[in-house]
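Asks: Structure file final.txt (compact mmCIF, N, CA and C atoms) is given on the next line.
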# COMPACT_ATOMS: atom_id res chain seq x y z
N MET L 1 -25.87 -0.52 3.70
CA MET L 1 -26.26 0.83 3.33
C MET L 1 -25.45 1.31 2.13
N SER L 2 -24.16 0.98 2.13
CA SER L 2 -23.32 1.43 1.02
C SER L 2 -23.77 0.83 -0.29
N LEU L 3 -24.08 -0.46 -0.26
CA LEU L 3 -24.49 -1.12 -1.48
C LEU L 3 -25.81 -0.59 -2.00
N ALA L 4 -26.63 -0.05 -1.11
CA ALA L 4 -27.90 0.56 -1.50
C ALA L 4 -27.71 2.05 -1.81
N HIS L 5 -26.44 2.49 -1.92
CA HIS L 5 -26.08 3.87 -2.24
C HIS L 5 -26.53 4.85 -1.17
N MET L 6 -26.55 4.37 0.06
CA MET L 6 -26.92 5.24 1.17
C MET L 6 -25.69 5.62 2.01
N TRP L 7 -24.55 5.09 1.64
CA TRP L 7 -23.33 5.38 2.38
C TRP L 7 -22.16 5.16 1.46
N SER L 8 -21.11 5.86 1.65
CA SER L 8 -19.94 5.79 0.79
C SER L 8 -19.21 4.46 0.92
N LEU L 9 -18.70 3.94 -0.20
CA LEU L 9 -17.87 2.74 -0.15
C LEU L 9 -16.57 2.99 0.61
N VAL L 10 -16.12 4.23 0.62
CA VAL L 10 -14.95 4.57 1.44
C VAL L 10 -15.26 4.30 2.90
N GLY L 11 -16.47 4.61 3.32
CA GLY L 11 -16.88 4.34 4.71
C GLY L 11 -16.83 2.86 5.03
N VAL L 12 -17.23 2.04 4.09
CA VAL L 12 -17.16 0.59 4.29
C VAL L 12 -15.70 0.16 4.42
N ARG L 13 -14.86 0.70 3.56
CA ARG L 13 -13.43 0.37 3.60
C ARG L 13 -12.82 0.78 4.95
N ILE L 14 -13.11 1.99 5.39
CA ILE L 14 -12.58 2.48 6.65
C ILE L 14 -13.10 1.62 7.81
N SER L 15 -14.36 1.26 7.77
CA SER L 15 -14.92 0.40 8.83
C SER L 15 -14.21 -0.94 8.88
N GLY L 16 -13.93 -1.50 7.71
CA GLY L 16 -13.22 -2.78 7.66
C GLY L 16 -11.82 -2.67 8.23
N ILE L 17 -11.16 -1.55 7.95
CA ILE L 17 -9.81 -1.33 8.46
C ILE L 17 -9.85 -1.21 9.98
N TYR L 18 -10.79 -0.47 10.50
CA TYR L 18 -10.87 -0.31 11.96
C TYR L 18 -11.29 -1.61 12.64
N LEU L 19 -12.13 -2.39 12.01
CA LEU L 19 -12.50 -3.69 12.57
C LEU L 19 -11.26 -4.59 12.62
N ALA L 20 -10.49 -4.62 11.54
CA ALA L 20 -9.27 -5.44 11.51
C ALA L 20 -8.26 -4.95 12.56
N THR L 21 -8.16 -3.64 12.71
CA THR L 21 -7.25 -3.06 13.71
C THR L 21 -7.66 -3.50 15.11
N ARG L 22 -8.93 -3.42 15.39
CA ARG L 22 -9.42 -3.82 16.72
C ARG L 22 -9.17 -5.30 16.97
N LYS L 23 -9.41 -6.12 15.97
CA LYS L 23 -9.16 -7.56 16.12
C LYS L 23 -7.67 -7.82 16.37
N LEU L 24 -6.81 -7.09 15.68
CA LEU L 24 -5.37 -7.21 15.90
C LEU L 24 -5.02 -6.81 17.34
N GLU L 25 -5.57 -5.71 17.80
CA GLU L 25 -5.29 -5.22 19.16
C GLU L 25 -5.76 -6.19 20.24
N THR L 26 -6.80 -6.94 19.95
CA THR L 26 -7.33 -7.88 20.95
C THR L 26 -6.80 -9.29 20.77
N GLY L 27 -5.86 -9.47 19.84
CA GLY L 27 -5.22 -10.76 19.67
C GLY L 27 -5.93 -11.72 18.74
N ASP L 28 -6.99 -11.27 18.07
CA ASP L 28 -7.69 -12.11 17.11
C ASP L 28 -7.00 -11.96 15.76
N LEU L 29 -5.86 -12.62 15.61
CA LEU L 29 -5.04 -12.46 14.41
C LEU L 29 -5.73 -13.01 13.18
N ASP L 30 -6.37 -14.18 13.31
CA ASP L 30 -7.10 -14.77 12.18
C ASP L 30 -8.21 -13.83 11.73
N GLY L 31 -8.96 -13.30 12.69
CA GLY L 31 -10.04 -12.37 12.37
C GLY L 31 -9.54 -11.10 11.72
N SER L 32 -8.40 -10.62 12.18
CA SER L 32 -7.82 -9.40 11.61
C SER L 32 -7.42 -9.63 10.15
N VAL L 33 -6.74 -10.74 9.90
CA VAL L 33 -6.32 -11.05 8.52
C VAL L 33 -7.54 -11.18 7.62
N GLU L 34 -8.55 -11.86 8.10
CA GLU L 34 -9.78 -12.04 7.31
C GLU L 34 -10.47 -10.71 7.04
N ALA L 35 -10.58 -9.88 8.06
CA ALA L 35 -11.31 -8.61 7.91
C ALA L 35 -10.58 -7.62 7.00
N ILE L 36 -9.27 -7.63 7.03
CA ILE L 36 -8.53 -6.63 6.26
C ILE L 36 -8.48 -6.94 4.78
N GLY L 37 -8.64 -8.19 4.41
CA GLY L 37 -8.57 -8.58 3.01
C GLY L 37 -9.55 -7.82 2.12
N ASP L 38 -10.79 -7.71 2.56
CA ASP L 38 -11.79 -6.99 1.76
C ASP L 38 -11.44 -5.51 1.62
N ALA L 39 -10.92 -4.92 2.70
CA ALA L 39 -10.55 -3.50 2.65
C ALA L 39 -9.41 -3.27 1.67
N ILE L 40 -8.44 -4.17 1.66
CA ILE L 40 -7.32 -4.04 0.72
C ILE L 40 -7.81 -4.20 -0.71
N ASP L 41 -8.63 -5.21 -0.96
CA ASP L 41 -9.17 -5.41 -2.31
C ASP L 41 -9.96 -4.18 -2.76
N SER L 42 -10.77 -3.64 -1.88
CA SER L 42 -11.57 -2.46 -2.20
C SER L 42 -10.68 -1.25 -2.50
N ALA L 43 -9.64 -1.05 -1.69
CA ALA L 43 -8.73 0.08 -1.91
C ALA L 43 -7.99 -0.07 -3.24
N LEU L 44 -7.57 -1.28 -3.56
CA LEU L 44 -6.89 -1.51 -4.83
C LEU L 44 -7.81 -1.21 -6.01
N ARG L 45 -9.05 -1.70 -5.94
CA ARG L 45 -10.02 -1.47 -7.02
C ARG L 45 -10.30 0.02 -7.20
N ALA L 46 -10.40 0.74 -6.08
CA ALA L 46 -10.76 2.15 -6.13
C ALA L 46 -9.57 3.07 -6.38
N GLY L 47 -8.36 2.52 -6.29
CA GLY L 47 -7.17 3.37 -6.42
C GLY L 47 -6.98 4.25 -5.20
N ASP L 48 -7.45 3.80 -4.06
CA ASP L 48 -7.40 4.56 -2.81
C ASP L 48 -6.04 4.33 -2.14
N MET L 49 -5.07 5.15 -2.49
CA MET L 49 -3.72 4.95 -2.00
C MET L 49 -3.58 5.30 -0.52
N PHE L 50 -4.37 6.25 -0.04
CA PHE L 50 -4.28 6.64 1.37
C PHE L 50 -4.59 5.46 2.27
N TRP L 51 -5.71 4.81 2.06
CA TRP L 51 -6.12 3.71 2.94
C TRP L 51 -5.42 2.41 2.60
N LEU L 52 -4.92 2.25 1.39
CA LEU L 52 -4.23 1.02 1.01
C LEU L 52 -2.98 0.79 1.86
N GLY L 53 -2.21 1.83 2.08
CA GLY L 53 -1.00 1.70 2.89
C GLY L 53 -1.31 1.30 4.31
N HIS L 54 -2.29 1.94 4.90
CA HIS L 54 -2.67 1.63 6.29
C HIS L 54 -3.21 0.20 6.38
N ALA L 55 -4.05 -0.18 5.45
CA ALA L 55 -4.63 -1.53 5.47
C ALA L 55 -3.54 -2.59 5.30
N THR L 56 -2.59 -2.33 4.42
CA THR L 56 -1.49 -3.28 4.21
C THR L 56 -0.66 -3.41 5.48
N THR L 57 -0.45 -2.31 6.18
CA THR L 57 0.31 -2.35 7.43
C THR L 57 -0.39 -3.24 8.46
N ILE L 58 -1.70 -3.13 8.57
CA ILE L 58 -2.46 -3.96 9.51
C ILE L 58 -2.30 -5.43 9.13
N LEU L 59 -2.42 -5.74 7.84
CA LEU L 59 -2.25 -7.11 7.38
C LEU L 59 -0.87 -7.64 7.74
N VAL L 60 0.16 -6.87 7.44
CA VAL L 60 1.52 -7.31 7.71
C VAL L 60 1.74 -7.51 9.21
N GLU L 61 1.25 -6.60 10.02
CA GLU L 61 1.39 -6.76 11.48
C GLU L 61 0.77 -8.07 11.95
N ALA L 62 -0.44 -8.36 11.50
CA ALA L 62 -1.13 -9.58 11.91
C ALA L 62 -0.39 -10.82 11.43
N LEU L 63 0.05 -10.80 10.19
CA LEU L 63 0.77 -11.96 9.64
C LEU L 63 2.10 -12.18 10.35
N VAL L 64 2.82 -11.12 10.62
CA VAL L 64 4.10 -11.25 11.33
C VAL L 64 3.88 -11.76 12.74
N GLU L 65 2.84 -11.27 13.38
CA GLU L 65 2.56 -11.73 14.75
C GLU L 65 2.17 -13.21 14.76
N ARG L 66 1.41 -13.65 13.76
CA ARG L 66 1.10 -15.09 13.68
C ARG L 66 2.38 -15.87 13.43
N GLY L 67 3.21 -15.38 12.52
CA GLY L 67 4.58 -15.81 12.38
C GLY L 67 4.91 -17.14 11.73
N THR L 68 3.98 -17.79 11.08
CA THR L 68 4.34 -19.03 10.39
C THR L 68 5.13 -18.69 9.13
N GLY L 69 5.78 -19.67 8.55
CA GLY L 69 6.52 -19.44 7.31
C GLY L 69 5.64 -18.90 6.21
N SER L 70 4.45 -19.47 6.06
CA SER L 70 3.54 -18.98 5.01
C SER L 70 3.03 -17.58 5.33
N ASP L 71 2.86 -17.27 6.62
CA ASP L 71 2.45 -15.91 6.99
C ASP L 71 3.52 -14.90 6.63
N LEU L 72 4.77 -15.23 6.90
CA LEU L 72 5.87 -14.30 6.59
C LEU L 72 6.02 -14.11 5.08
N ARG L 73 5.81 -15.18 4.32
CA ARG L 73 5.84 -15.04 2.85
C ARG L 73 4.68 -14.17 2.37
N ALA L 74 3.50 -14.35 2.95
CA ALA L 74 2.34 -13.53 2.58
C ALA L 74 2.57 -12.07 2.96
N ALA L 75 3.19 -11.85 4.11
CA ALA L 75 3.50 -10.48 4.53
C ALA L 75 4.48 -9.83 3.56
N GLN L 76 5.49 -10.57 3.14
CA GLN L 76 6.46 -10.04 2.18
C GLN L 76 5.78 -9.74 0.85
N SER L 77 4.88 -10.59 0.43
CA SER L 77 4.12 -10.35 -0.81
C SER L 77 3.29 -9.08 -0.71
N ALA L 78 2.68 -8.86 0.46
CA ALA L 78 1.87 -7.65 0.67
C ALA L 78 2.75 -6.40 0.60
N VAL L 79 3.94 -6.47 1.19
CA VAL L 79 4.88 -5.35 1.14
C VAL L 79 5.30 -5.10 -0.31
N ASP L 80 5.64 -6.16 -1.02
CA ASP L 80 6.05 -6.03 -2.41
C ASP L 80 4.93 -5.43 -3.27
N ARG L 81 3.70 -5.86 -3.02
CA ARG L 81 2.55 -5.34 -3.78
C ARG L 81 2.38 -3.85 -3.53
N LEU L 82 2.47 -3.42 -2.27
CA LEU L 82 2.31 -2.00 -1.95
C LEU L 82 3.44 -1.19 -2.58
N GLU L 83 4.65 -1.71 -2.52
CA GLU L 83 5.79 -1.00 -3.09
C GLU L 83 5.65 -0.83 -4.60
N ALA L 84 4.99 -1.77 -5.26
CA ALA L 84 4.84 -1.73 -6.71
C ALA L 84 3.69 -0.84 -7.19
N VAL L 85 2.82 -0.42 -6.28
CA VAL L 85 1.68 0.39 -6.67
C VAL L 85 2.17 1.79 -7.06
N PRO L 86 1.81 2.24 -8.25
CA PRO L 86 2.24 3.57 -8.67
C PRO L 86 1.51 4.66 -7.86
N VAL L 87 2.29 5.64 -7.43
CA VAL L 87 1.72 6.76 -6.70
C VAL L 87 2.24 8.06 -7.29
N THR L 88 1.60 9.14 -6.98
CA THR L 88 2.01 10.45 -7.44
C THR L 88 3.36 10.81 -6.84
N PRO L 89 4.25 11.41 -7.63
CA PRO L 89 5.53 11.84 -7.07
C PRO L 89 5.30 12.73 -5.83
N GLY L 90 6.08 12.48 -4.81
CA GLY L 90 5.95 13.24 -3.57
C GLY L 90 5.02 12.59 -2.55
N PHE L 91 4.34 11.52 -2.92
CA PHE L 91 3.46 10.81 -1.99
C PHE L 91 4.33 9.94 -1.09
N VAL L 92 4.50 10.36 0.16
CA VAL L 92 5.47 9.72 1.05
C VAL L 92 4.85 8.75 2.05
N LEU L 93 3.55 8.72 2.15
CA LEU L 93 2.92 7.90 3.17
C LEU L 93 3.31 6.43 3.03
N HIS L 94 3.33 5.91 1.83
CA HIS L 94 3.72 4.51 1.65
C HIS L 94 5.18 4.30 2.02
N GLN L 95 6.04 5.26 1.69
CA GLN L 95 7.46 5.12 2.04
C GLN L 95 7.62 4.89 3.54
N VAL L 96 6.94 5.68 4.33
CA VAL L 96 7.04 5.60 5.78
C VAL L 96 6.50 4.25 6.27
N GLN L 97 5.33 3.88 5.77
CA GLN L 97 4.73 2.61 6.20
C GLN L 97 5.57 1.41 5.75
N LEU L 98 6.13 1.49 4.57
CA LEU L 98 6.97 0.39 4.09
C LEU L 98 8.21 0.20 4.97
N LEU L 99 8.79 1.28 5.46
CA LEU L 99 9.94 1.16 6.36
C LEU L 99 9.54 0.42 7.64
N ARG L 100 8.38 0.73 8.16
CA ARG L 100 7.90 0.04 9.36
C ARG L 100 7.67 -1.44 9.09
N MET L 101 7.01 -1.73 7.98
CA MET L 101 6.74 -3.13 7.65
C MET L 101 8.03 -3.91 7.41
N ARG L 102 8.99 -3.29 6.76
CA ARG L 102 10.28 -3.96 6.55
C ARG L 102 10.97 -4.24 7.88
N ALA L 103 10.86 -3.31 8.81
CA ALA L 103 11.43 -3.54 10.14
C ALA L 103 10.79 -4.76 10.80
N LEU L 104 9.48 -4.84 10.74
CA LEU L 104 8.78 -5.97 11.35
C LEU L 104 9.19 -7.29 10.72
N LEU L 105 9.28 -7.31 9.40
CA LEU L 105 9.69 -8.54 8.70
C LEU L 105 11.14 -8.91 9.00
N THR L 106 12.00 -7.92 9.06
CA THR L 106 13.41 -8.18 9.35
C THR L 106 13.56 -8.80 10.73
N ARG L 107 12.84 -8.27 11.70
CA ARG L 107 12.90 -8.83 13.05
C ARG L 107 12.34 -10.24 13.07
N ALA L 108 11.25 -10.47 12.34
CA ALA L 108 10.64 -11.80 12.30
C ALA L 108 11.61 -12.84 11.74
N HIS L 109 12.54 -12.39 10.92
CA HIS L 109 13.55 -13.29 10.35
C HIS L 109 14.81 -13.35 11.22
N GLY L 110 14.75 -12.73 12.41
CA GLY L 110 15.83 -12.84 13.38
C GLY L 110 17.00 -11.89 13.19
N ASP L 111 16.84 -10.86 12.38
CA ASP L 111 17.93 -9.91 12.12
C ASP L 111 17.71 -8.66 12.98
N GLU L 112 18.23 -8.68 14.21
CA GLU L 112 18.04 -7.56 15.13
C GLU L 112 18.74 -6.30 14.65
N ALA L 113 19.95 -6.43 14.09
CA ALA L 113 20.67 -5.25 13.60
C ALA L 113 19.91 -4.60 12.44
N GLY L 114 19.42 -5.43 11.53
CA GLY L 114 18.62 -4.92 10.42
C GLY L 114 17.34 -4.27 10.90
N TYR L 115 16.71 -4.89 11.90
CA TYR L 115 15.49 -4.34 12.50
C TYR L 115 15.76 -2.95 13.04
N ARG L 116 16.82 -2.79 13.84
CA ARG L 116 17.15 -1.50 14.43
C ARG L 116 17.42 -0.45 13.35
N SER L 117 18.09 -0.86 12.28
CA SER L 117 18.37 0.06 11.19
C SER L 117 17.09 0.54 10.52
N TYR L 118 16.19 -0.39 10.23
CA TYR L 118 14.90 0.00 9.62
C TYR L 118 14.08 0.88 10.56
N VAL L 119 14.08 0.57 11.85
CA VAL L 119 13.34 1.39 12.81
C VAL L 119 13.89 2.82 12.81
N GLU L 120 15.20 2.96 12.78
CA GLU L 120 15.80 4.30 12.77
C GLU L 120 15.46 5.04 11.48
N HIS L 121 15.50 4.34 10.35
CA HIS L 121 15.10 4.96 9.07
C HIS L 121 13.62 5.35 9.11
N TYR L 122 12.81 4.49 9.67
CA TYR L 122 11.37 4.76 9.81
C TYR L 122 11.15 6.02 10.64
N ARG L 123 11.81 6.09 11.82
CA ARG L 123 11.64 7.24 12.70
C ARG L 123 12.11 8.52 12.02
N THR L 124 13.27 8.46 11.38
CA THR L 124 13.83 9.64 10.72
C THR L 124 12.92 10.13 9.61
N ARG L 125 12.46 9.22 8.76
CA ARG L 125 11.60 9.63 7.63
C ARG L 125 10.26 10.16 8.13
N ALA L 126 9.71 9.53 9.15
CA ALA L 126 8.45 10.00 9.73
C ALA L 126 8.62 11.41 10.29
N ALA L 127 9.74 11.66 10.96
CA ALA L 127 10.00 12.99 11.51
C ALA L 127 10.15 14.02 10.39
N GLU L 128 10.86 13.66 9.33
CA GLU L 128 11.03 14.57 8.19
C GLU L 128 9.68 14.96 7.58
N CYS L 129 8.75 14.02 7.61
CA CYS L 129 7.43 14.26 7.01
C CYS L 129 6.44 14.90 7.99
N GLY L 130 6.83 15.02 9.24
CA GLY L 130 5.94 15.59 10.25
C GLY L 130 4.86 14.62 10.72
N PHE L 131 5.09 13.32 10.56
CA PHE L 131 4.12 12.30 10.96
C PHE L 131 4.37 11.91 12.42
N THR L 132 3.85 12.71 13.33
CA THR L 132 4.15 12.51 14.75
C THR L 132 3.66 11.17 15.29
N GLY L 133 2.57 10.66 14.77
CA GLY L 133 2.09 9.35 15.19
C GLY L 133 3.07 8.25 14.81
N HIS L 134 3.62 8.34 13.62
CA HIS L 134 4.62 7.36 13.18
C HIS L 134 5.91 7.51 13.98
N VAL L 135 6.29 8.74 14.31
CA VAL L 135 7.49 8.95 15.12
C VAL L 135 7.31 8.25 16.47
N ALA L 136 6.15 8.43 17.07
CA ALA L 136 5.86 7.79 18.36
C ALA L 136 5.88 6.26 18.23
N THR L 137 5.33 5.74 17.15
CA THR L 137 5.34 4.30 16.93
C THR L 137 6.77 3.80 16.80
N ALA L 138 7.59 4.51 16.04
CA ALA L 138 8.98 4.12 15.85
C ALA L 138 9.73 4.14 17.18
N GLU L 139 9.47 5.15 17.97
CA GLU L 139 10.15 5.25 19.27
C GLU L 139 9.72 4.12 20.21
N ALA L 140 8.49 3.65 20.07
CA ALA L 140 8.01 2.54 20.90
C ALA L 140 8.57 1.21 20.42
N MET L 141 9.02 1.16 19.17
CA MET L 141 9.58 -0.09 18.64
C MET L 141 10.97 -0.30 19.21
Turn this file's structure into structure tokens for me.

Replies:
Amino acid sequence: MSLAHMWSLVGVRISGIYLATRKLETGDLDGSVEAIGDAIDSALRAGDMFWLGHATTILVEALVERGTGSDLRAAQSAVDRLEAVPVTPGFVLHQVQLLRMRALLTRAHGDEAGYRSYVEHYRTRAAECGFTGHVATAEAM
């Protein structure tokens, strides 16, 4: 429908993100990684910074959970790419998500102290921004 101009491309991107999220939640890590790739590419092309951060987080979660050496390198590359994307001053959503992703990667590399530090920074920054969902996620970590 979107390609026929009957639905927004943002809707397609959001659908892809939710499909990847569901696959991640049900343990289909390969399916999640595959599904999220198109959403990330679409967000990058469109300059959609709001959904890019969320999509990158889903990718990193799936890659870290799969946990191979190449997966962890790909996850780090995704974090680096998101960090390098220019955003408007004051746009904090990526900062919060990046702290969470760094925590996941640090733990995957066996650094529990570093993991705890990133989780605390994640929780604190999320609270400062009023992101109650992120605060809850940090507390569950």

Asks: For CA of Ser117 (chain L) and atom C of Arg81 (chain L), quote the distance in Å rounded to one decimal.

Replies: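 Computed distance, CA of Ser117 (chain L) to atom C of Arg81 (chain L), equals 22.1 Å.
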
Asks: Hey, can you check how far CA of Leu59 (chain L) sits from atom C of Gly31 (chain L)?

Replies: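 Calculated distance between CA of Leu59 (chain L) and atom C of Gly31 (chain L) is 9.4 Å.
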
Asks: Find the spatial neighbours of region 119-128 of chain L, counting all atoms listed in the file, within a cut-off of 7 Å - ignore same-chain residues fewer than 6 positions away - and output them as a tab-separated table (two decimals) with N, CA and C atoms, keeping the file's coordinate frame.

Replies:
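The result, stored in around.tsv:
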chain	number	residue	atom	x	y	z
L	96	VAL	N	6.94	5.68	4.33
L	96	VAL	CA	7.04	5.60	5.78
L	96	VAL	C	6.50	4.25	6.27
L	99	LEU	N	8.79	1.28	5.46
L	99	LEU	CA	9.94	1.16	6.36
L	99	LEU	C	9.54	0.42	7.64
L	100	ARG	N	8.38	0.73	8.16
L	100	ARG	CA	7.90	0.04	9.36
L	100	ARG	C	7.67	-1.44	9.09
L	102	ARG	N	8.99	-3.29	6.76
L	102	ARG	CA	10.28	-3.96	6.55
L	102	ARG	C	10.97	-4.24	7.88
L	103	ALA	N	10.86	-3.31	8.81
L	103	ALA	CA	11.43	-3.54	10.14
L	103	ALA	C	10.79	-4.76	10.80
L	134	HIS	N	3.62	8.34	13.62
L	134	HIS	CA	4.62	7.36	13.18
L	134	HIS	C	5.91	7.51	13.98
L	135	VAL	N	6.29	8.74	14.31
L	135	VAL	CA	7.49	8.95	15.12
L	135	VAL	C	7.31	8.25	16.47
L	138	ALA	N	7.59	4.51	16.04
L	138	ALA	CA	8.98	4.12	15.85
L	138	ALA	C	9.73	4.14	17.18
L	139	GLU	N	9.47	5.15	17.97
L	139	GLU	CA	10.15	5.25	19.27
L	139	GLU	C	9.72	4.12	20.21

Asks: Excluding same-chain residues fewer than 2 positions from region 17-28 of chain L, what lies within 10 Å of it counting only C-alpha atoms, as number ranges by chain?

Replies: L: 11-15, 30-40, 51-52, 54-59, 61-63, 65-66

Asks: So the first atom is atom C of Gly114 (chain L) and the second is atom C of Leu98 (chain L); what is the distance between them in Å, to one decimal place?

Replies: 11.8 Å

Asks: Please run DSSP on the backbone and report, as a ChimeraX atom specification, all residues within chain L that come out as alpha helix (DSSP H).

Replies: /L:9-25,29-46,49-66,69-84,93-108,112-129,132-140

Asks: Of the residues L:Ala46, L:Asp41, L:His109, L:Val60, which is the one nearest to Ala78 (chain L), using only N, CA and C atoms?

Replies: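 Of the candidates, the smallest distance to Ala78 (chain L) is held by L:Val60.
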
Asks: Let me make sure I understand: among L:Val64, L:Ala113, L:Cys129, L:Leu104, which one has the smallest atom-to-atom distance to Val92 (chain L) if we use only C-alpha atoms?

Replies: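 Of the candidates, the smallest distance to Val92 (chain L) is held by L:Cys129.
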